[in-house]
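What follows is upload_3.csv (CSV, C-alpha atoms).
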```
chain,number,residue,atom,x,y,z
S,2,MET,CA,57.1,-26.2,37.2
S,3,THR,CA,54.7,-27.8,34.7
S,4,GLU,CA,54.3,-26.8,31.1
S,5,GLN,CA,50.8,-25.6,31.9
S,6,GLU,CA,52.1,-23.4,34.7
S,7,ILE,CA,54.6,-21.9,32.4
S,8,ILE,CA,51.9,-21.1,29.8
S,9,THR,CA,49.7,-19.6,32.5
S,10,LEU,CA,52.5,-17.4,33.9
S,11,SER,CA,53.7,-16.3,30.5
S,12,ASN,CA,50.2,-15.3,29.5
S,13,GLN,CA,49.9,-13.4,32.7
S,14,VAL,CA,53.0,-11.4,31.7
S,15,PHE,CA,51.3,-10.4,28.4
S,16,GLU,CA,48.1,-9.5,30.2
S,17,GLU,CA,49.7,-7.5,33.0
S,18,SER,CA,52.6,-5.8,31.2
S,19,PHE,CA,51.0,-5.2,27.8
S,20,GLU,CA,47.2,-5.4,28.6
S,21,ILE,CA,46.7,-7.9,25.8
S,22,GLU,CA,43.3,-9.7,25.9
S,23,LYS,CA,43.4,-13.3,27.1
S,24,GLU,CA,41.6,-14.5,23.9
S,25,LYS,CA,44.6,-13.4,21.8
S,26,LEU,CA,47.1,-15.4,23.8
S,27,LYS,CA,47.5,-18.5,21.6
S,28,PRO,CA,50.7,-20.4,21.0
S,29,GLU,CA,50.6,-19.7,17.2
S,30,MET,CA,50.4,-15.9,17.7
S,31,ASN,CA,53.3,-14.0,16.3
S,32,ILE,CA,54.4,-11.6,19.0
S,33,PHE,CA,55.4,-8.9,16.5
S,34,LEU,CA,52.7,-9.2,13.8
S,35,ASP,CA,49.8,-10.4,15.8
S,36,LEU,CA,50.4,-9.0,19.2
S,37,GLY,CA,52.1,-5.8,18.1
S,38,LEU,CA,55.3,-5.9,20.1
S,39,ASP,CA,58.5,-4.2,18.8
S,40,SER,CA,62.2,-4.4,19.6
S,41,LEU,CA,61.8,-2.0,22.5
S,42,ASP,CA,58.8,-3.8,23.9
S,43,ILE,CA,60.9,-7.0,23.8
S,44,VAL,CA,63.2,-5.4,26.4
S,45,ASP,CA,60.2,-4.8,28.7
S,46,LEU,CA,59.0,-8.4,28.0
S,47,VAL,CA,62.4,-9.8,28.9
S,48,VAL,CA,62.4,-7.9,32.2
S,49,ALA,CA,58.9,-9.0,33.0
S,50,LEU,CA,59.6,-12.7,32.2
S,51,GLN,CA,62.8,-12.5,34.4
S,52,GLU,CA,60.8,-11.2,37.3
S,53,LYS,CA,57.9,-13.7,36.8
S,54,PHE,CA,60.1,-16.8,36.5
S,55,GLY,CA,63.2,-15.8,38.5
S,56,VAL,CA,65.5,-16.5,35.6
S,57,LYS,CA,68.2,-14.6,33.8
S,58,ILE,CA,67.5,-14.3,30.0
S,59,ARG,CA,68.7,-10.9,29.0
S,60,ASN,CA,71.9,-12.1,27.4
S,61,ASP,CA,70.6,-15.4,26.0
S,62,ASP,CA,71.0,-15.4,22.2
S,63,ARG,CA,68.0,-17.7,21.9
S,64,ILE,CA,65.7,-14.7,22.5
S,65,LYS,CA,66.5,-13.5,18.9
S,66,ASN,CA,64.8,-16.6,17.5
S,67,ILE,CA,61.6,-16.1,19.3
S,68,ARG,CA,58.7,-15.3,17.0
S,69,THR,CA,55.5,-16.8,18.5
S,70,LEU,CA,54.0,-17.1,21.9
S,71,GLY,CA,54.7,-20.9,21.6
S,72,ASP,CA,58.4,-20.1,21.2
S,73,ILE,CA,58.3,-18.3,24.5
S,74,TYR,CA,56.7,-21.2,26.3
S,75,LYS,CA,59.3,-23.6,24.9
S,76,PHE,CA,62.2,-21.2,25.7
S,77,ILE,CA,61.1,-20.8,29.4
S,78,LEU,CA,60.5,-24.5,29.6
S,79,SER,CA,64.0,-25.2,28.4
S,80,LEU,CA,65.5,-22.6,30.8
S,81,LYS,CA,63.6,-24.3,33.7
S,82,ALA,CA,64.9,-27.7,32.6
S,83,GLU,CA,68.5,-26.4,32.3
S,84,GLY,CA,68.1,-24.8,35.8
S,85,ALA,CA,66.8,-28.1,37.3
S,86,SER,CA,69.6,-30.2,35.7
S,87,SER,CA,72.3,-27.8,36.8
S,88,SER,CA,71.0,-27.8,40.4
S,89,LEU,CA,71.3,-31.6,40.6
X,17,MET,CA,42.4,4.7,-23.7
X,18,LYS,CA,41.5,8.3,-22.9
X,19,GLU,CA,42.2,7.7,-19.2
X,20,THR,CA,45.5,6.1,-19.9
X,21,LEU,CA,46.5,9.0,-22.1
X,22,LYS,CA,45.4,11.4,-19.4
X,23,LEU,CA,47.5,9.5,-16.9
X,24,ILE,CA,50.6,9.5,-19.1
X,25,CYS,CA,50.2,13.3,-19.7
X,26,PHE,CA,49.7,14.0,-16.0
X,27,ASN,CA,52.8,12.0,-15.0
X,28,PHE,CA,55.0,13.4,-17.8
X,29,ILE,CA,54.1,17.0,-17.0
X,30,PHE,CA,54.4,16.4,-13.2
X,31,TYR,CA,57.8,14.8,-13.4
X,32,ILE,CA,59.2,17.4,-15.8
X,33,LEU,CA,57.9,20.2,-13.5
X,34,PHE,CA,59.2,18.3,-10.4
X,35,LEU,CA,62.7,18.0,-11.9
X,36,LEU,CA,62.7,21.7,-12.9
X,37,PHE,CA,61.3,22.8,-9.6
X,38,SER,CA,63.9,20.7,-7.7
X,39,ILE,CA,66.8,21.8,-9.9
X,40,ILE,CA,65.9,25.4,-9.7
X,41,GLY,CA,64.0,25.6,-6.4
X,42,ILE,CA,66.3,23.7,-4.1
X,43,PRO,CA,69.5,25.7,-4.9
X,44,VAL,CA,67.5,29.0,-4.8
X,45,PHE,CA,65.9,28.2,-1.5
X,46,SER,CA,69.2,26.9,-0.1
X,47,ALA,CA,71.1,30.0,-1.3
X,48,ILE,CA,68.6,32.4,0.2
X,49,VAL,CA,68.7,30.6,3.5
X,50,ALA,CA,72.5,30.3,3.4
X,51,PHE,CA,72.8,34.0,2.8
X,52,GLN,CA,70.3,34.9,5.6
X,53,ALA,CA,72.1,32.4,7.9
X,54,ILE,CA,75.2,34.7,7.8
X,55,PHE,CA,73.3,37.4,9.7
X,56,ILE,CA,71.2,35.3,12.1
X,57,SER,CA,71.8,32.7,14.8
X,58,HIS,CA,72.2,29.0,14.0
X,59,ARG,CA,68.8,28.3,15.6
X,60,ASN,CA,67.1,30.8,13.4
X,61,GLY,CA,69.0,29.5,10.4
X,62,MET,CA,67.6,26.1,11.0
X,63,LYS,CA,64.1,27.5,11.4
X,64,LYS,CA,64.4,29.2,8.1
X,65,PHE,CA,65.8,26.1,6.4
X,66,ARG,CA,62.9,24.0,7.7
X,67,ARG,CA,60.5,26.7,6.5
X,68,ALA,CA,62.2,26.5,3.0
X,69,ILE,CA,61.5,22.7,3.1
X,70,ALA,CA,57.9,23.4,3.9
X,71,TRP,CA,57.6,25.7,0.9
X,72,TYR,CA,59.3,23.1,-1.3
X,73,GLY,CA,56.9,20.4,0.0
X,74,LEU,CA,54.0,22.8,-0.7
X,75,GLY,CA,55.1,23.2,-4.3
X,76,VAL,CA,55.6,19.5,-4.8
X,77,ILE,CA,52.4,18.2,-3.3
X,78,LYS,CA,49.9,21.0,-3.8
X,79,VAL,CA,51.0,23.1,-6.7
X,80,LEU,CA,52.7,20.8,-9.3
X,81,PRO,CA,50.1,18.0,-9.4
X,82,PHE,CA,47.1,20.4,-9.4
X,83,PRO,CA,44.4,19.9,-10.6
X,84,PHE,CA,44.9,16.2,-10.9
X,85,VAL,CA,45.7,15.9,-7.3
X,86,ARG,CA,43.9,18.0,-4.7
X,87,VAL,CA,45.0,18.3,-1.1
X,88,PHE,CA,42.8,19.3,1.8
X,89,TYR,CA,43.9,19.8,5.3
X,90,LYS,CA,41.5,19.9,8.3
X,91,ASN,CA,41.8,21.3,11.8
X,92,LEU,CA,45.1,23.2,11.3
X,93,ASP,CA,44.3,26.1,13.5
X,94,THR,CA,47.6,27.2,14.9
X,95,THR,CA,46.2,30.1,16.9
X,96,ALA,CA,44.6,27.8,19.4
X,97,GLU,CA,47.4,25.3,19.4
X,98,LYS,CA,50.9,26.6,19.6
X,99,GLY,CA,52.8,23.4,20.0
X,100,PRO,CA,55.4,21.9,19.8
X,101,PHE,CA,53.6,18.6,19.2
X,102,ILE,CA,54.6,15.1,18.5
X,103,PHE,CA,52.7,14.4,15.3
X,104,VAL,CA,51.9,10.8,14.7
X,105,CYS,CA,50.4,9.7,11.4
X,106,ASN,CA,49.7,6.7,9.3
X,107,HIS,CA,52.0,6.0,6.4
X,108,ARG,CA,50.6,5.2,3.0
X,109,SER,CA,52.8,6.7,0.3
X,110,ALA,CA,56.1,8.4,-0.5
X,111,SER,CA,54.1,11.6,-0.6
X,112,ASP,CA,53.4,11.5,3.1
X,113,PRO,CA,56.6,13.4,4.1
X,114,PHE,CA,55.8,16.2,1.6
X,115,LEU,CA,52.3,16.4,3.1
X,116,MET,CA,53.7,16.6,6.6
X,117,ALA,CA,56.3,19.2,5.6
X,118,CYS,CA,53.4,21.6,4.8
X,119,LEU,CA,52.0,21.6,8.4
X,120,PRO,CA,52.2,25.1,9.7
X,121,TYR,CA,54.8,24.3,12.4
X,122,GLU,CA,58.5,24.2,12.6
X,123,LEU,CA,59.1,20.5,12.4
X,124,VAL,CA,61.6,17.7,12.0
X,125,GLN,CA,60.5,14.4,10.6
X,126,ILE,CA,61.5,11.0,11.7
X,127,VAL,CA,62.3,9.1,8.5
X,128,ASN,CA,63.7,5.8,7.3
X,129,ILE,CA,67.2,5.4,5.9
X,130,TRP,CA,66.2,5.6,2.2
X,131,PRO,CA,65.1,9.3,2.0
X,132,PHE,CA,68.6,10.3,3.1
X,133,LYS,CA,70.0,8.4,0.2
X,134,LEU,CA,68.0,10.5,-2.4
X,135,PRO,CA,70.1,13.0,-4.3
X,136,VAL,CA,69.5,16.6,-3.1
X,137,LEU,CA,66.5,15.7,-1.0
X,138,GLY,CA,68.7,13.6,1.2
X,139,PHE,CA,71.1,16.5,1.7
X,140,MET,CA,68.2,18.8,2.6
X,141,ALA,CA,66.7,16.3,5.0
X,142,ARG,CA,70.1,16.0,6.8
X,143,ALA,CA,70.7,19.7,6.8
X,144,ALA,CA,67.2,20.3,8.4
X,145,GLY,CA,68.1,17.9,11.2
X,146,TYR,CA,65.7,15.1,10.1
X,147,LEU,CA,66.3,12.0,12.0
X,148,SER,CA,66.9,8.5,10.7
X,149,VAL,CA,65.4,6.3,13.4
X,150,ARG,CA,67.1,3.1,12.2
X,151,GLU,CA,70.5,4.6,12.3
X,152,LEU,CA,70.2,5.8,15.9
X,153,PRO,CA,70.4,3.8,19.2
X,154,PHE,CA,67.2,4.5,21.1
X,155,GLU,CA,68.9,6.6,23.8
X,156,GLU,CA,70.4,8.9,21.2
X,157,PHE,CA,67.1,9.1,19.3
X,158,SER,CA,65.3,10.0,22.5
X,159,LYS,CA,67.8,12.7,23.4
X,160,LYS,CA,67.7,14.3,20.0
X,161,THR,CA,63.9,14.4,19.7
X,162,THR,CA,63.5,15.6,23.3
X,163,ASP,CA,66.1,18.4,22.7
X,164,LEU,CA,64.2,19.5,19.5
X,165,LEU,CA,60.9,19.6,21.4
X,166,HIS,CA,62.5,21.7,24.1
X,167,GLU,CA,63.6,24.1,21.4
X,168,GLY,CA,60.0,24.4,20.2
X,169,VAL,CA,60.4,22.1,17.2
X,170,SER,CA,57.5,19.7,16.6
X,171,ILE,CA,58.3,16.1,15.6
X,172,VAL,CA,56.6,14.1,12.9
X,173,ALA,CA,56.7,10.3,13.2
X,174,PHE,CA,55.3,7.5,11.1
X,175,PRO,CA,55.2,4.8,13.8
X,176,GLU,CA,54.3,2.1,11.3
X,177,GLY,CA,57.9,2.4,10.1
X,178,THR,CA,57.1,1.5,6.5
X,179,ARG,CA,54.2,1.8,4.0
X,180,SER,CA,51.9,-1.1,4.2
X,181,ALA,CA,51.5,-3.1,0.9
X,182,ASP,CA,47.7,-3.2,1.1
X,183,GLY,CA,47.1,0.2,2.6
X,184,SER,CA,46.0,-1.2,5.9
X,185,LEU,CA,47.3,0.3,9.2
X,186,GLY,CA,50.3,-1.6,10.3
X,187,GLN,CA,51.5,-2.2,13.9
X,188,PHE,CA,53.1,0.8,15.6
X,189,HIS,CA,56.7,1.0,16.9
X,190,SER,CA,56.9,2.4,20.4
X,191,SER,CA,60.0,4.6,20.1
X,192,ILE,CA,58.2,7.9,19.7
X,193,PHE,CA,55.7,7.1,22.4
X,194,ARG,CA,58.5,6.4,24.8
X,195,VAL,CA,59.8,9.8,24.0
X,196,ALA,CA,56.4,11.3,24.6
X,197,LEU,CA,56.1,9.6,28.0
X,198,SER,CA,59.5,10.8,29.1
X,199,SER,CA,59.2,14.4,27.7
X,200,GLY,CA,55.6,15.1,28.4
X,201,TYR,CA,54.7,16.8,25.1
X,202,PRO,CA,51.2,16.5,23.5
X,203,ILE,CA,50.7,13.8,20.9
X,204,SER,CA,48.7,15.0,17.9
X,205,PRO,CA,47.3,12.1,15.8
X,206,ILE,CA,47.0,12.7,12.0
X,207,CYS,CA,45.1,10.7,9.5
X,208,ILE,CA,46.0,10.7,5.8
X,209,THR,CA,43.7,9.2,3.2
X,210,GLY,CA,43.5,9.3,-0.6
X,211,ASN,CA,47.2,9.1,-1.4
X,212,GLU,CA,47.6,5.4,-1.6
X,213,ASN,CA,48.2,5.7,-5.3
X,214,ILE,CA,50.1,9.0,-5.3
X,215,PRO,CA,52.3,7.1,-5.8
X,216,ALA,CA,51.6,3.5,-4.7
X,217,ARG,CA,54.3,1.5,-3.0
X,218,GLY,CA,56.9,0.1,-5.5
X,219,THR,CA,56.1,2.6,-8.3
X,220,LEU,CA,56.6,6.2,-9.3
X,221,LEU,CA,53.3,6.4,-11.2
X,222,LEU,CA,51.0,9.0,-9.8
X,223,LYS,CA,47.3,8.6,-10.2
X,224,PRO,CA,44.8,11.5,-9.9
X,225,GLY,CA,43.0,11.8,-6.6
X,226,THR,CA,42.0,13.8,-3.6
X,227,ILE,CA,44.2,13.6,-0.5
X,228,LYS,CA,42.7,14.5,2.9
X,229,ILE,CA,44.8,15.2,6.0
X,230,HIS,CA,42.9,15.4,9.2
X,231,LYS,CA,44.6,16.6,12.4
X,232,LEU,CA,42.7,15.0,15.3
X,233,PRO,CA,42.4,16.5,18.8
X,234,HIS,CA,45.7,16.1,20.6
X,235,LEU,CA,46.4,14.1,23.7
X,236,LYS,CA,47.8,16.1,26.6
X,237,PHE,CA,50.4,14.5,28.8
X,238,GLU,CA,47.7,14.3,31.6
X,239,ASP,CA,45.7,12.1,29.2
X,240,TYR,CA,48.3,9.5,28.6
X,241,LYS,CA,50.9,9.7,31.4
X,242,ASN,CA,49.7,6.6,33.2
X,243,LEU,CA,49.8,4.4,30.2
X,244,THR,CA,52.6,2.0,29.3
X,245,PRO,CA,54.4,2.7,26.0
X,246,PHE,CA,52.7,-0.4,24.6
X,247,LYS,CA,49.3,0.7,25.7
X,248,LEU,CA,49.9,4.2,24.5
X,249,LYS,CA,51.0,3.3,21.0
X,250,ASN,CA,48.0,1.0,20.6
X,251,SER,CA,45.6,3.6,21.9
X,252,VAL,CA,46.9,6.2,19.4
X,253,ARG,CA,46.8,3.5,16.7
X,254,GLN,CA,43.2,2.9,17.5
X,255,ILE,CA,42.4,6.6,17.4
X,256,ILE,CA,44.0,6.9,13.9
X,257,ALA,CA,42.3,3.8,12.7
X,258,GLU,CA,38.9,5.1,13.7
X,259,GLY,CA,39.8,8.5,12.2
X,260,ILE,CA,40.5,6.9,8.9
X,261,GLU,CA,37.2,5.0,9.0
X,262,VAL,CA,35.4,8.3,9.7
X,263,MET,CA,37.2,10.0,6.8
X,264,LYS,CA,36.3,7.1,4.5
X,265,GLY,CA,32.7,7.4,5.6
X,266,LYS,CA,32.7,3.9,7.1
X,267,LYS,CA,32.1,5.1,10.6
X,268,SER,CA,30.4,8.2,12.0
X,269,LEU,CA,31.9,10.5,14.6
```

How does this structure look as structure tokens?
Amino acid sequence: MTEQEIITLSNQVFEESFEIEKEKLKPEMNIFLDLGLDSLDIVDLVVALQEKFGVKIRNDDRIKNIRTLGDIYKFILSLKAEGASSSL
Amino acid sequence: MKETLKLICFNFIFYILFLLFSIIGIPVFSAIVAFQAIFISHRNGMKKFRRAIAWYGLGVIKVLPFPFVRVFYKNLDTTAEKGPFIFVCNHRSASDPFLMACLPYELVQIVNIWPFKLPVLGFMARAAGYLSVRELPFEEFSKKTTDLLHEGVSIVAFPEGTRSADGSLGQFHSSIFRVALSSGYPISPICITGNENIPARGTLLLKPGTIKIHKLPHLKFEDYKNLTPFKLKNSVRQIIAEGIEVMKGKKSL
């Protein structure tokens, strides 16, 4: 999966699950301050990301460090990279 | 100079009266309710205690600061709307809970941790069953608020969580909207304007002014049941933001 595909699918999660306009979905956007998610919304976000990418992230401590949309892209990218290396 | 003197006098008189009213009023209200509670059920005792808090709030926010501070409520017709409601309002000042306490409904407020730490007032808040959202896991918070609604007690929530530094409307937390979606009770948006400096964040200094509280038309469960919690909280936020603009005269109805 390419970086662009991860960005597109992550953005789809925000559009489908939270009905956030496409124009707002920029890497520098803070998911709490700019996009308006709170701690309970993060639970919904995690579930939606798990379904979209077929990964398990619920217990991953790195979630706590996510602040921007760009952080999410990088996080998924690293998960996919870890998945690819472990399957070798 | 004259204005400064007026401000000092107003604050001096208000806080003296506030202390006297609290020192005398709270024990008197509490004693009356405690005496009545001997002869009535726990449920009715709680109802009376919450009523006593409403009277106290009325005294603090409407009577003591008058005529320097004037308070106007709009659309509080309880004959047409019995409740219980989930009241959702913007948060501008430490006076907001006092303003909400005056609503003509039996209610419990969802507050932050700090009001519980205030002497006397914190005790009253706990005794009246007020909920500290940050101290409760969501499941417990949801159960407690839903149980209260089933008992006929309205809930007052400030979904911004804290007062914004510049008076702008902050992002909403979804907790209370998740409770609304699971319990099905109507959501009643409320807009407060004019109390940004009564008192401002980080100070106890009160400035004269006119506070307006507008209760907007409530949203029935049928109106919002198909929305996600995220969409619902932002829809209500938008309604309140537009209501504030109308109140400020920046937008027409």

Give the residues of chain S that lie within 10 Å of chain X; count all atoms listed in the file, and format the answer as a ChimeraX atom specification. /S:18-21,33-42,45

Those selected residues, please, written with C-alpha atoms and delivered as a compact mmCIF listing (two decimals), in the frame of the given file.
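Once written, result27.txt looks like this:
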```
# COMPACT_ATOMS: atom_id res chain seq x y z
CA SER S 18 52.60 -5.80 31.20
CA PHE S 19 51.00 -5.20 27.80
CA GLU S 20 47.20 -5.40 28.60
CA ILE S 21 46.70 -7.90 25.80
CA PHE S 33 55.40 -8.90 16.50
CA LEU S 34 52.70 -9.20 13.80
CA ASP S 35 49.80 -10.40 15.80
CA LEU S 36 50.40 -9.00 19.20
CA GLY S 37 52.10 -5.80 18.10
CA LEU S 38 55.30 -5.90 20.10
CA ASP S 39 58.50 -4.20 18.80
CA SER S 40 62.20 -4.40 19.60
CA LEU S 41 61.80 -2.00 22.50
CA ASP S 42 58.80 -3.80 23.90
CA ASP S 45 60.20 -4.80 28.70
```

Surrounding residues of stretch 106-118 of chain X excluding itself and chain neighbours under 3 positions, 9 Å, all atoms listed in the file, as an NGL selection string: :X and (66-67 or 69-74 or 76-78 or 87 or 121-125 or 127 or 172-181 or 183-186 or 205-217 or 229 or 253 or 256-257)

Restrict the selected residues to C-alpha atoms and save them as a JSON list (two decimals), in the coordinates of the input.
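This is the output file result.json:
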```
[["chain", "number", "residue", "atom", "x", "y", "z"],
["X", 66, "ARG", "CA", 62.90, 24.00, 7.70],
["X", 67, "ARG", "CA", 60.50, 26.70, 6.50],
["X", 69, "ILE", "CA", 61.50, 22.70, 3.10],
["X", 70, "ALA", "CA", 57.90, 23.40, 3.90],
["X", 71, "TRP", "CA", 57.60, 25.70, 0.90],
["X", 72, "TYR", "CA", 59.30, 23.10, -1.30],
["X", 73, "GLY", "CA", 56.90, 20.40, 0.00],
["X", 74, "LEU", "CA", 54.00, 22.80, -0.70],
["X", 76, "VAL", "CA", 55.60, 19.50, -4.80],
["X", 77, "ILE", "CA", 52.40, 18.20, -3.30],
["X", 78, "LYS", "CA", 49.90, 21.00, -3.80],
["X", 87, "VAL", "CA", 45.00, 18.30, -1.10],
["X", 121, "TYR", "CA", 54.80, 24.30, 12.40],
["X", 122, "GLU", "CA", 58.50, 24.20, 12.60],
["X", 123, "LEU", "CA", 59.10, 20.50, 12.40],
["X", 124, "VAL", "CA", 61.60, 17.70, 12.00],
["X", 125, "GLN", "CA", 60.50, 14.40, 10.60],
["X", 127, "VAL", "CA", 62.30, 9.10, 8.50],
["X", 172, "VAL", "CA", 56.60, 14.10, 12.90],
["X", 173, "ALA", "CA", 56.70, 10.30, 13.20],
["X", 174, "PHE", "CA", 55.30, 7.50, 11.10],
["X", 175, "PRO", "CA", 55.20, 4.80, 13.80],
["X", 176, "GLU", "CA", 54.30, 2.10, 11.30],
["X", 177, "GLY", "CA", 57.90, 2.40, 10.10],
["X", 178, "THR", "CA", 57.10, 1.50, 6.50],
["X", 179, "ARG", "CA", 54.20, 1.80, 4.00],
["X", 180, "SER", "CA", 51.90, -1.10, 4.20],
["X", 181, "ALA", "CA", 51.50, -3.10, 0.90],
["X", 183, "GLY", "CA", 47.10, 0.20, 2.60],
["X", 184, "SER", "CA", 46.00, -1.20, 5.90],
["X", 185, "LEU", "CA", 47.30, 0.30, 9.20],
["X", 186, "GLY", "CA", 50.30, -1.60, 10.30],
["X", 205, "PRO", "CA", 47.30, 12.10, 15.80],
["X", 206, "ILE", "CA", 47.00, 12.70, 12.00],
["X", 207, "CYS", "CA", 45.10, 10.70, 9.50],
["X", 208, "ILE", "CA", 46.00, 10.70, 5.80],
["X", 209, "THR", "CA", 43.70, 9.20, 3.20],
["X", 210, "GLY", "CA", 43.50, 9.30, -0.60],
["X", 211, "ASN", "CA", 47.20, 9.10, -1.40],
["X", 212, "GLU", "CA", 47.60, 5.40, -1.60],
["X", 213, "ASN", "CA", 48.20, 5.70, -5.30],
["X", 214, "ILE", "CA", 50.10, 9.00, -5.30],
["X", 215, "PRO", "CA", 52.30, 7.10, -5.80],
["X", 216, "ALA", "CA", 51.60, 3.50, -4.70],
["X", 217, "ARG", "CA", 54.30, 1.50, -3.00],
["X", 229, "ILE", "CA", 44.80, 15.20, 6.00],
["X", 253, "ARG", "CA", 46.80, 3.50, 16.70],
["X", 256, "ILE", "CA", 44.00, 6.90, 13.90],
["X", 257, "ALA", "CA", 42.30, 3.80, 12.70]]
```

If we count all atoms listed in the file and set the cut-off at 12 Å, which residues sit around S:Leu80, ignoring sequence neighbours fewer than 3 positions away in its own chain? Please answer as a PyMOL selection string. chain S and resi 2+4+7+50-51+54-58+61+63-64+73-77+83-87

Which is closer to X:Asp93 than all the others in X:Gly218, X:Pro224, X:Pro233, X:Pro153, using all atoms listed in the file?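 Among the listed residues, the smallest separation from X:Asp93 belongs to X:Pro233.
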
Atom CA of X:Met140 to atom CA of X:Gly99, distance in Å rounded to a single decimal: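 The value is 23.7 Å.
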
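A straight line drawn from atom CA of X:Phe139 to atom CA of X:Gly61 is 15.8 Å long.
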
Atomic separation - atom CA of X:Ser251 relative to atom CA of X:Gly200, Å: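 About the pair atom CA of X:Gly200 and atom CA of X:Ser251: they are 16.6 Å apart.
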